[in-house]
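**Student:** Okay, handing you the structure first.
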Amino acid sequence: MDTVYQFFLENLTEIYLLVFTVILGFEVISKVPTVLHTPLMSGANAISGVVVIGAIILLRLTPSDNYLMLGLGFLAALLGMVNVVGGFAVTDRMLEMFKKRK
């Protein structure tokens with residue numbers, strides 16, 4: 001229990017920042033009108049692409065005998081790619097709804 005308290009004291013600013021960004025993100029996303037949802041999702045997909053590139057770079061810098069970091073890096077790259085592909089599929093489907101039918 002003492003180590004948890006010590007961790008909390010050492011990272012108090014980061015914990016406050018994390019809580020603040022979660023609340024702020026929820027407020028911003030909940031106020032987005034339906035018309036702006038597709039452009040917002042496209043921007044989020046671009047950010048996820050940056051996350052995937054960062055995970056790949058970190059995987060290349062990890063020593064080959066550190067299996068935990070390699071596994072976590074692979075998981076990060078995999079989940080980031082699932083987010084990118086799924087996000088672009090949903091964005092494409094939403095943009096199809098706005099096209100005029102012949």
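In the structure tokens, the first chain shown is A, the next is B, and so on; residue numbers restart at 1 for each chain, and ligands run from 1 in the order shown.
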Give me, as JSON lines, each residue of region 36-77 of chain A that comes within 9 Å of region 87-92 of chain A, together with its shortest interatomic pair and the distance in Å at one decimal, counting only C-alpha atoms, with rows ordered by chain and rising residue number.

**Tutor:**
```
{"residue": "A:Thr38", "atom": "CA", "partner": "A:Thr91", "partner_atom": "CA", "distance": 6.0}
{"residue": "A:Pro39", "atom": "CA", "partner": "A:Thr91", "partner_atom": "CA", "distance": 8.4}
{"residue": "A:Met41", "atom": "CA", "partner": "A:Thr91", "partner_atom": "CA", "distance": 6.9}
{"residue": "A:Ser42", "atom": "CA", "partner": "A:Thr91", "partner_atom": "CA", "distance": 6.8}
{"residue": "A:Ala44", "atom": "CA", "partner": "A:Gly87", "partner_atom": "CA", "distance": 8.2}
{"residue": "A:Asn45", "atom": "CA", "partner": "A:Gly87", "partner_atom": "CA", "distance": 6.0}
```

**Student:** State, in Å with one decimal place, the distance from CA of Leu95 (chain A) to CA of Leu36 (chain A).

**Tutor:**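 Rounded to one decimal, the two atoms are 11.7 Å apart.
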
**Student:** Please provide the set of residues having any atom within 8 Å of Ala77 (chain A), restricted to only C-alpha atoms, with same-chain residues fewer than 5 positions apart removed, written as a VMD selection string.

**Tutor:** chain A and resid 51 to 53 55 to 56
